[in-house]
Amino acid sequence: MENFFYITLNIRTVSGIDSYAYYYLGNDKNKAEAIFQQLKGSEQLAPDTVLTMDYTQMKDGIPFPLTMLACTIEEVTYNTRIITREIFKNLNLESD
């Protein structure tokens, strides 16, 4: 099975936590870590946290949560720009 890294964006709603976006970061651990390290947010989650970003490794079909960030809407906006830029670079500008 394929092993890879991804980030999921989540929002707390009246019915619970819903995921609303998913970013595939590929299978290169160093590149995925480099992207996640650039993101803004807090690893300190409060009971009233509304927006989160989960960094996960899929290994042999099993998701392994690595880190979760609590984010403001401004941080989600900033992080989305970073993720999009880095994915673009990884897919188009760097050859392995």
# chains A, B, ... in the order shown; residues from 1 in each chain; ligands from 1
$ residues_around --residues "region 75-83 of chain A" --least-positions-apart "2" --cutoff "7 Å" --atoms "only C-alpha atoms" --output "PyMOL selection string"
chain A and resi 35+39-41+71-73+85-87
$ write_last_selection --atoms "all heavy atoms" --output "short mmCIF file (atom, residue, chain, number, x, y, z; two decimals), in the first residue's frame"
data_model
loop_
_atom_site.label_atom_id
_atom_site.label_comp_id
_atom_site.auth_asym_id
_atom_site.auth_seq_id
_atom_site.Cartn_x
_atom_site.Cartn_y
_atom_site.Cartn_z
N ILE A 35 6.81 21.64 4.71
CA ILE A 35 5.58 22.41 4.50
C ILE A 35 4.90 22.66 5.84
O ILE A 35 4.56 23.79 6.17
CB ILE A 35 4.62 21.68 3.53
CG1 ILE A 35 5.22 21.65 2.12
CG2 ILE A 35 3.24 22.34 3.53
CD1 ILE A 35 4.45 20.76 1.15
N LEU A 39 3.65 26.44 8.78
CA LEU A 39 2.28 26.83 9.07
C LEU A 39 2.15 27.53 10.41
O LEU A 39 2.90 27.26 11.35
CB LEU A 39 1.37 25.61 9.02
CG LEU A 39 1.40 24.81 7.72
CD1 LEU A 39 0.37 23.69 7.78
CD2 LEU A 39 1.20 25.69 6.51
N LYS A 40 1.16 28.42 10.47
CA LYS A 40 0.86 29.15 11.70
C LYS A 40 -0.31 28.48 12.41
O LYS A 40 -1.18 27.89 11.77
CB LYS A 40 0.49 30.59 11.38
CG LYS A 40 1.64 31.41 10.85
CD LYS A 40 1.22 32.84 10.62
CE LYS A 40 2.38 33.67 10.11
NZ LYS A 40 1.98 35.07 9.90
N GLY A 41 -0.33 28.59 13.71
CA GLY A 41 -1.39 28.02 14.53
C GLY A 41 -0.80 27.60 15.86
O GLY A 41 0.39 27.74 16.10
N CYS A 71 -6.32 26.97 14.63
CA CYS A 71 -6.05 28.13 13.78
C CYS A 71 -7.18 29.15 13.85
O CYS A 71 -8.34 28.80 14.03
CB CYS A 71 -5.89 27.70 12.32
SG CYS A 71 -4.57 26.53 12.03
N THR A 72 -6.80 30.39 13.64
CA THR A 72 -7.78 31.44 13.40
C THR A 72 -8.09 31.43 11.91
O THR A 72 -7.39 30.79 11.13
CB THR A 72 -7.22 32.82 13.79
OG1 THR A 72 -6.12 33.12 12.93
CG2 THR A 72 -6.79 32.85 15.26
N ILE A 73 -9.12 32.18 11.50
CA ILE A 73 -9.43 32.25 10.07
C ILE A 73 -8.26 32.87 9.30
O ILE A 73 -7.96 32.46 8.18
CB ILE A 73 -10.77 32.98 9.80
CG1 ILE A 73 -11.20 32.84 8.34
CG2 ILE A 73 -10.68 34.44 10.18
CD1 ILE A 73 -11.66 31.47 7.97
N ARG A 85 1.38 27.05 -2.46
CA ARG A 85 2.66 27.42 -3.06
C ARG A 85 3.64 26.25 -3.03
O ARG A 85 4.28 25.93 -4.04
CB ARG A 85 3.26 28.62 -2.33
CG ARG A 85 4.59 29.08 -2.93
CD ARG A 85 5.29 30.12 -2.09
NE ARG A 85 5.78 29.47 -0.88
CZ ARG A 85 5.94 30.08 0.28
NH1 ARG A 85 5.64 31.35 0.42
NH2 ARG A 85 6.38 29.42 1.32
N GLU A 86 3.74 25.58 -1.90
CA GLU A 86 4.71 24.49 -1.76
C GLU A 86 4.32 23.27 -2.60
O GLU A 86 5.18 22.62 -3.19
CB GLU A 86 4.87 24.12 -0.29
CG GLU A 86 5.50 25.20 0.55
CD GLU A 86 6.89 25.62 0.07
OE1 GLU A 86 7.70 24.74 -0.27
OE2 GLU A 86 7.16 26.84 0.05
N ILE A 87 3.03 22.96 -2.66
CA ILE A 87 2.59 21.86 -3.52
C ILE A 87 2.90 22.19 -4.98
O ILE A 87 3.38 21.33 -5.73
CB ILE A 87 1.09 21.55 -3.31
CG1 ILE A 87 0.87 20.92 -1.94
CG2 ILE A 87 0.56 20.63 -4.41
CD1 ILE A 87 -0.59 20.72 -1.56
#
$ select_by_dssp --residues "chain A" --states "strand (DSSP E or B)" --output "compact mmCIF listing (two decimals) with N, CA, C and O atoms, in the first residue's frame"
# COMPACT_ATOMS: atom_id res chain seq x y z
N PHE A 4 1.80 8.00 2.50
CA PHE A 4 1.87 9.41 2.13
C PHE A 4 1.46 10.28 3.31
O PHE A 4 1.02 9.79 4.35
N PHE A 5 1.62 11.58 3.12
CA PHE A 5 1.30 12.58 4.13
C PHE A 5 0.21 13.50 3.59
O PHE A 5 0.17 13.77 2.40
N TYR A 6 -0.63 14.01 4.50
CA TYR A 6 -1.67 14.94 4.08
C TYR A 6 -2.08 15.84 5.24
O TYR A 6 -1.80 15.54 6.41
N ILE A 7 -2.72 16.94 4.88
CA ILE A 7 -3.28 17.87 5.86
C ILE A 7 -4.77 17.96 5.62
O ILE A 7 -5.22 18.11 4.48
N THR A 8 -5.54 17.89 6.68
CA THR A 8 -6.99 18.02 6.62
C THR A 8 -7.39 19.28 7.37
O THR A 8 -6.89 19.55 8.46
N LEU A 9 -8.28 20.07 6.78
CA LEU A 9 -8.84 21.25 7.45
C LEU A 9 -10.19 20.86 8.01
O LEU A 9 -10.99 20.22 7.33
N ASN A 10 -10.42 21.24 9.27
CA ASN A 10 -11.64 20.86 9.98
C ASN A 10 -12.28 22.07 10.61
O ASN A 10 -11.61 23.02 10.98
N ILE A 11 -13.60 22.00 10.74
CA ILE A 11 -14.37 23.07 11.38
C ILE A 11 -15.37 22.45 12.35
O ILE A 11 -15.98 21.42 12.05
N ARG A 12 -15.49 23.08 13.52
CA ARG A 12 -16.48 22.62 14.50
C ARG A 12 -17.84 23.21 14.10
O ARG A 12 -17.96 24.41 13.86
N THR A 13 -18.84 22.36 14.03
CA THR A 13 -20.20 22.79 13.72
C THR A 13 -21.12 22.32 14.85
O THR A 13 -20.67 21.63 15.78
N GLY A 16 -20.85 18.65 15.22
CA GLY A 16 -19.56 18.04 15.51
C GLY A 16 -18.45 18.63 14.64
O GLY A 16 -18.57 19.74 14.14
N ILE A 17 -17.40 17.87 14.46
CA ILE A 17 -16.26 18.29 13.65
C ILE A 17 -16.45 17.78 12.22
O ILE A 17 -16.68 16.59 12.01
N ASP A 18 -16.37 18.68 11.25
CA ASP A 18 -16.47 18.31 9.84
C ASP A 18 -15.19 18.69 9.12
O ASP A 18 -14.67 19.79 9.31
N SER A 19 -14.68 17.78 8.30
CA SER A 19 -13.54 18.08 7.45
C SER A 19 -14.04 18.74 6.18
O SER A 19 -15.04 18.30 5.60
N TYR A 20 -13.38 19.81 5.75
CA TYR A 20 -13.84 20.50 4.56
C TYR A 20 -12.78 20.68 3.50
O TYR A 20 -13.07 21.18 2.41
N ALA A 21 -11.54 20.29 3.77
CA ALA A 21 -10.49 20.36 2.75
C ALA A 21 -9.42 19.34 3.09
O ALA A 21 -9.23 18.96 4.25
N TYR A 22 -8.73 18.90 2.04
CA TYR A 22 -7.71 17.87 2.17
C TYR A 22 -6.58 18.24 1.23
O TYR A 22 -6.82 18.53 0.05
N TYR A 23 -5.37 18.27 1.75
CA TYR A 23 -4.19 18.57 0.91
C TYR A 23 -3.25 17.38 0.94
O TYR A 23 -2.71 17.01 1.99
N TYR A 24 -3.04 16.78 -0.22
CA TYR A 24 -2.11 15.67 -0.38
C TYR A 24 -0.70 16.25 -0.49
O TYR A 24 -0.41 17.06 -1.38
N LEU A 25 0.19 15.84 0.41
CA LEU A 25 1.56 16.36 0.42
C LEU A 25 2.57 15.42 -0.21
O LEU A 25 3.76 15.76 -0.30
N GLY A 26 2.15 14.25 -0.61
CA GLY A 26 3.06 13.30 -1.25
C GLY A 26 3.67 12.33 -0.25
O GLY A 26 3.29 12.29 0.92
N SER A 42 -1.64 27.09 16.72
CA SER A 42 -1.22 26.69 18.05
C SER A 42 -1.46 25.20 18.25
O SER A 42 -2.51 24.68 17.87
N LEU A 51 -11.48 26.00 14.31
CA LEU A 51 -10.76 25.59 13.10
C LEU A 51 -9.48 24.85 13.47
O LEU A 51 -8.70 25.32 14.30
N THR A 52 -9.27 23.70 12.84
CA THR A 52 -8.04 22.94 13.07
C THR A 52 -7.48 22.45 11.75
O THR A 52 -8.20 22.31 10.75
N MET A 53 -6.17 22.20 11.77
CA MET A 53 -5.48 21.58 10.64
C MET A 53 -4.76 20.35 11.19
O MET A 53 -3.96 20.46 12.12
N ASP A 54 -5.09 19.19 10.64
CA ASP A 54 -4.49 17.93 11.08
C ASP A 54 -3.42 17.50 10.08
O ASP A 54 -3.68 17.45 8.87
N TYR A 55 -2.26 17.19 10.59
CA TYR A 55 -1.15 16.66 9.78
C TYR A 55 -1.09 15.17 10.05
O TYR A 55 -0.93 14.74 11.20
N THR A 56 -1.25 14.35 9.00
CA THR A 56 -1.41 12.91 9.15
C THR A 56 -0.53 12.16 8.17
O THR A 56 -0.31 12.60 7.05
N GLN A 57 -0.06 11.02 8.61
CA GLN A 57 0.66 10.09 7.73
C GLN A 57 -0.24 8.88 7.49
O GLN A 57 -0.75 8.29 8.45
N MET A 58 -0.44 8.53 6.23
CA MET A 58 -1.17 7.31 5.89
C MET A 58 -0.11 6.23 5.64
O MET A 58 0.76 6.39 4.78
N LYS A 59 -0.17 5.19 6.44
CA LYS A 59 0.83 4.12 6.35
C LYS A 59 0.11 2.79 6.24
O LYS A 59 -0.61 2.40 7.16
N ILE A 62 -3.53 2.89 7.00
CA ILE A 62 -3.95 3.31 8.34
C ILE A 62 -3.47 4.74 8.58
O ILE A 62 -2.29 5.04 8.44
N PRO A 63 -4.40 5.67 8.94
CA PRO A 63 -3.98 7.04 9.21
C PRO A 63 -3.33 7.16 10.60
O PRO A 63 -3.86 6.65 11.58
N PHE A 64 -2.18 7.81 10.64
CA PHE A 64 -1.48 8.08 11.89
C PHE A 64 -1.41 9.59 12.09
O PHE A 64 -0.61 10.26 11.44
N PRO A 65 -2.25 10.14 12.98
CA PRO A 65 -2.21 11.58 13.23
C PRO A 65 -0.84 11.96 13.80
O PRO A 65 -0.34 11.31 14.73
N LEU A 66 -0.22 13.01 13.24
CA LEU A 66 1.08 13.45 13.70
C LEU A 66 0.97 14.70 14.56
O LEU A 66 1.59 14.78 15.62
N THR A 67 0.22 15.68 14.10
CA THR A 67 0.07 16.95 14.82
C THR A 67 -1.24 17.60 14.41
O THR A 67 -1.72 17.40 13.30
N MET A 68 -1.77 18.41 15.33
CA MET A 68 -2.97 19.19 15.04
C MET A 68 -2.70 20.63 15.47
O MET A 68 -2.12 20.87 16.53
N LEU A 69 -3.10 21.57 14.61
CA LEU A 69 -2.98 22.98 14.92
C LEU A 69 -4.36 23.60 15.06
O LEU A 69 -5.23 23.37 14.22
N ALA A 70 -4.55 24.39 16.11
CA ALA A 70 -5.74 25.23 16.23
C ALA A 70 -5.43 26.52 15.50
O ALA A 70 -4.36 27.10 15.68
N CYS A 71 -6.32 26.97 14.63
CA CYS A 71 -6.05 28.13 13.78
C CYS A 71 -7.18 29.15 13.85
O CYS A 71 -8.34 28.80 14.03
$ select_by_dssp --residues "chain A" --states "helix (DSSP H, G or I)" --output "ChimeraX atom specification"
/A:29-37,73-93
$ write_last_selection --atoms "N, CA and C atoms" --output "compact mmCIF listing (two decimals), in the first residue's frame"
# COMPACT_ATOMS: atom_id res chain seq x y z
N LYS A 29 8.73 12.41 3.24
CA LYS A 29 8.56 12.89 4.62
C LYS A 29 9.22 14.25 4.83
N ASN A 30 10.41 14.44 4.29
CA ASN A 30 11.12 15.71 4.48
C ASN A 30 10.37 16.89 3.85
N LYS A 31 9.84 16.69 2.66
CA LYS A 31 9.08 17.77 2.00
C LYS A 31 7.79 18.06 2.76
N ALA A 32 7.11 17.01 3.21
CA ALA A 32 5.87 17.20 3.96
C ALA A 32 6.14 17.94 5.27
N GLU A 33 7.19 17.54 5.97
CA GLU A 33 7.56 18.21 7.22
C GLU A 33 7.92 19.67 6.98
N ALA A 34 8.65 19.93 5.90
CA ALA A 34 9.06 21.30 5.57
C ALA A 34 7.84 22.19 5.35
N ILE A 35 6.81 21.64 4.71
CA ILE A 35 5.58 22.41 4.50
C ILE A 35 4.90 22.66 5.84
N PHE A 36 4.71 21.61 6.62
CA PHE A 36 3.96 21.77 7.87
C PHE A 36 4.67 22.70 8.84
N GLN A 37 5.99 22.71 8.85
CA GLN A 37 6.74 23.57 9.77
C GLN A 37 6.54 25.06 9.47
N ILE A 73 -9.12 32.18 11.50
CA ILE A 73 -9.43 32.25 10.07
C ILE A 73 -8.26 32.87 9.30
N GLU A 74 -7.57 33.82 9.90
CA GLU A 74 -6.41 34.45 9.25
C GLU A 74 -5.27 33.45 9.09
N GLU A 75 -5.07 32.60 10.09
CA GLU A 75 -4.02 31.58 10.00
C GLU A 75 -4.37 30.53 8.95
N VAL A 76 -5.64 30.15 8.85
CA VAL A 76 -6.05 29.21 7.80
C VAL A 76 -5.77 29.80 6.43
N THR A 77 -6.08 31.08 6.26
CA THR A 77 -5.82 31.76 4.98
C THR A 77 -4.32 31.74 4.67
N TYR A 78 -3.51 32.13 5.63
CA TYR A 78 -2.06 32.13 5.45
C TYR A 78 -1.55 30.71 5.14
N ASN A 79 -2.00 29.73 5.92
CA ASN A 79 -1.55 28.36 5.74
C ASN A 79 -1.94 27.79 4.38
N THR A 80 -3.14 28.12 3.93
CA THR A 80 -3.59 27.65 2.62
C THR A 80 -2.69 28.19 1.52
N ARG A 81 -2.30 29.44 1.64
CA ARG A 81 -1.37 30.03 0.65
C ARG A 81 -0.03 29.29 0.67
N ILE A 82 0.49 29.01 1.86
CA ILE A 82 1.77 28.31 1.99
C ILE A 82 1.66 26.91 1.39
N ILE A 83 0.64 26.17 1.76
CA ILE A 83 0.47 24.80 1.26
C ILE A 83 0.35 24.80 -0.25
N THR A 84 -0.48 25.67 -0.80
CA THR A 84 -0.67 25.73 -2.25
C THR A 84 0.64 26.06 -2.97
N ARG A 85 1.38 27.05 -2.46
CA ARG A 85 2.66 27.42 -3.06
C ARG A 85 3.64 26.25 -3.03
N GLU A 86 3.74 25.58 -1.90
CA GLU A 86 4.71 24.49 -1.76
C GLU A 86 4.32 23.27 -2.60
N ILE A 87 3.03 22.96 -2.66
CA ILE A 87 2.59 21.86 -3.52
C ILE A 87 2.90 22.19 -4.98
N PHE A 88 2.63 23.43 -5.39
CA PHE A 88 2.94 23.83 -6.76
C PHE A 88 4.42 23.65 -7.04
N LYS A 89 5.27 24.12 -6.14
CA LYS A 89 6.72 23.97 -6.32
C LYS A 89 7.12 22.51 -6.42
N ASN A 90 6.59 21.69 -5.52
CA ASN A 90 6.95 20.27 -5.51
C ASN A 90 6.50 19.56 -6.78
N LEU A 91 5.36 19.94 -7.31
CA LEU A 91 4.84 19.27 -8.51
C LEU A 91 5.42 19.80 -9.80
N ASN A 92 5.79 21.09 -9.84
CA ASN A 92 6.16 21.69 -11.11
C ASN A 92 7.60 22.18 -11.23
N LEU A 93 8.20 22.54 -10.16
CA LEU A 93 9.51 23.21 -10.26
C LEU A 93 10.68 22.34 -9.84
$ decode --residues "chain A" --atoms "C-alpha atoms" --output "mmCIF file, in the first residue's frame"
data_model
loop_
_atom_site.group_PDB
_atom_site.id
_atom_site.type_symbol
_atom_site.label_atom_id
_atom_site.label_comp_id
_atom_site.auth_asym_id
_atom_site.auth_seq_id
_atom_site.Cartn_x
_atom_site.Cartn_y
_atom_site.Cartn_z
ATOM 1 C CA MET A 1 0.000 0.000 0.000
ATOM 2 C CA GLU A 2 1.047 3.566 -0.604
ATOM 3 C CA ASN A 3 2.385 5.646 2.246
ATOM 4 C CA PHE A 4 1.865 9.406 2.129
ATOM 5 C CA PHE A 5 1.302 12.581 4.132
ATOM 6 C CA TYR A 6 -1.668 14.943 4.077
ATOM 7 C CA ILE A 7 -3.277 17.870 5.860
ATOM 8 C CA THR A 8 -6.985 18.024 6.619
ATOM 9 C CA LEU A 9 -8.837 21.249 7.450
ATOM 10 C CA ASN A 10 -11.638 20.856 9.978
ATOM 11 C CA ILE A 11 -14.366 23.070 11.379
ATOM 12 C CA ARG A 12 -16.477 22.622 14.498
ATOM 13 C CA THR A 13 -20.199 22.786 13.721
ATOM 14 C CA VAL A 14 -23.322 22.219 15.771
ATOM 15 C CA SER A 15 -23.243 18.586 14.681
ATOM 16 C CA GLY A 16 -19.557 18.039 15.509
ATOM 17 C CA ILE A 17 -16.262 18.292 13.645
ATOM 18 C CA ASP A 18 -16.475 18.308 9.844
ATOM 19 C CA SER A 19 -13.537 18.076 7.447
ATOM 20 C CA TYR A 20 -13.844 20.502 4.556
ATOM 21 C CA ALA A 21 -10.491 20.356 2.749
ATOM 22 C CA TYR A 22 -7.715 17.873 2.172
ATOM 23 C CA TYR A 23 -4.189 18.566 0.914
ATOM 24 C CA TYR A 24 -2.107 15.672 -0.381
ATOM 25 C CA LEU A 25 1.559 16.361 0.418
ATOM 26 C CA GLY A 26 3.060 13.301 -1.247
ATOM 27 C CA ASN A 27 5.212 10.521 0.134
ATOM 28 C CA ASP A 28 8.420 12.456 0.840
ATOM 29 C CA LYS A 29 8.560 12.888 4.621
ATOM 30 C CA ASN A 30 11.123 15.710 4.478
ATOM 31 C CA LYS A 31 9.075 17.767 2.003
ATOM 32 C CA ALA A 32 5.868 17.202 3.959
ATOM 33 C CA GLU A 33 7.563 18.208 7.221
ATOM 34 C CA ALA A 34 9.061 21.300 5.574
ATOM 35 C CA ILE A 35 5.580 22.407 4.503
ATOM 36 C CA PHE A 36 3.964 21.769 7.871
ATOM 37 C CA GLN A 37 6.736 23.573 9.768
ATOM 38 C CA GLN A 38 5.889 26.789 7.886
ATOM 39 C CA LEU A 39 2.281 26.831 9.066
ATOM 40 C CA LYS A 40 0.856 29.148 11.698
ATOM 41 C CA GLY A 41 -1.386 28.017 14.528
ATOM 42 C CA SER A 42 -1.217 26.688 18.054
ATOM 43 C CA GLU A 43 -0.669 23.115 19.176
ATOM 44 C CA GLN A 44 -2.595 24.050 22.340
ATOM 45 C CA LEU A 45 -6.192 23.080 21.617
ATOM 46 C CA ALA A 46 -9.009 24.566 23.677
ATOM 47 C CA PRO A 47 -12.468 23.032 24.092
ATOM 48 C CA ASP A 48 -13.908 25.905 22.033
ATOM 49 C CA THR A 49 -11.435 25.587 19.131
ATOM 50 C CA VAL A 50 -13.355 26.058 15.876
ATOM 51 C CA LEU A 51 -10.763 25.585 13.099
ATOM 52 C CA THR A 52 -8.041 22.944 13.068
ATOM 53 C CA MET A 53 -5.482 21.582 10.638
ATOM 54 C CA ASP A 54 -4.493 17.933 11.080
ATOM 55 C CA TYR A 55 -1.151 16.664 9.778
ATOM 56 C CA THR A 56 -1.409 12.909 9.152
ATOM 57 C CA GLN A 57 0.662 10.093 7.726
ATOM 58 C CA MET A 58 -1.171 7.314 5.886
ATOM 59 C CA LYS A 59 0.829 4.124 6.345
ATOM 60 C CA ASP A 60 -0.363 0.845 4.861
ATOM 61 C CA GLY A 61 -3.910 2.200 4.703
ATOM 62 C CA ILE A 62 -3.946 3.312 8.341
ATOM 63 C CA PRO A 63 -3.980 7.044 9.213
ATOM 64 C CA PHE A 64 -1.475 8.076 11.890
ATOM 65 C CA PRO A 65 -2.208 11.584 13.227
ATOM 66 C CA LEU A 66 1.079 13.451 13.699
ATOM 67 C CA THR A 67 0.073 16.947 14.816
ATOM 68 C CA MET A 68 -2.966 19.187 15.039
ATOM 69 C CA LEU A 69 -2.982 22.981 14.921
ATOM 70 C CA ALA A 70 -5.740 25.229 16.229
ATOM 71 C CA CYS A 71 -6.050 28.130 13.784
ATOM 72 C CA THR A 72 -7.785 31.445 13.405
ATOM 73 C CA ILE A 73 -9.426 32.246 10.070
ATOM 74 C CA GLU A 74 -6.410 34.451 9.252
ATOM 75 C CA GLU A 75 -4.024 31.580 9.996
ATOM 76 C CA VAL A 76 -6.048 29.205 7.805
ATOM 77 C CA THR A 77 -5.815 31.756 4.982
ATOM 78 C CA TYR A 78 -2.057 32.127 5.454
ATOM 79 C CA ASN A 79 -1.546 28.356 5.735
ATOM 80 C CA THR A 80 -3.592 27.647 2.615
ATOM 81 C CA ARG A 81 -1.371 30.025 0.648
ATOM 82 C CA ILE A 82 1.771 28.309 1.986
ATOM 83 C CA ILE A 83 0.468 24.804 1.263
ATOM 84 C CA THR A 84 -0.669 25.732 -2.249
ATOM 85 C CA ARG A 85 2.659 27.417 -3.060
ATOM 86 C CA GLU A 86 4.706 24.491 -1.764
ATOM 87 C CA ILE A 87 2.592 21.859 -3.521
ATOM 88 C CA PHE A 88 2.937 23.832 -6.756
ATOM 89 C CA LYS A 89 6.720 23.972 -6.320
ATOM 90 C CA ASN A 90 6.950 20.273 -5.511
ATOM 91 C CA LEU A 91 4.843 19.274 -8.507
ATOM 92 C CA ASN A 92 6.165 21.692 -11.112
ATOM 93 C CA LEU A 93 9.508 23.206 -10.264
ATOM 94 C CA GLU A 94 11.524 20.468 -8.607
ATOM 95 C CA SER A 95 12.458 17.293 -10.405
ATOM 96 C CA ASP A 96 13.555 14.223 -8.481
#
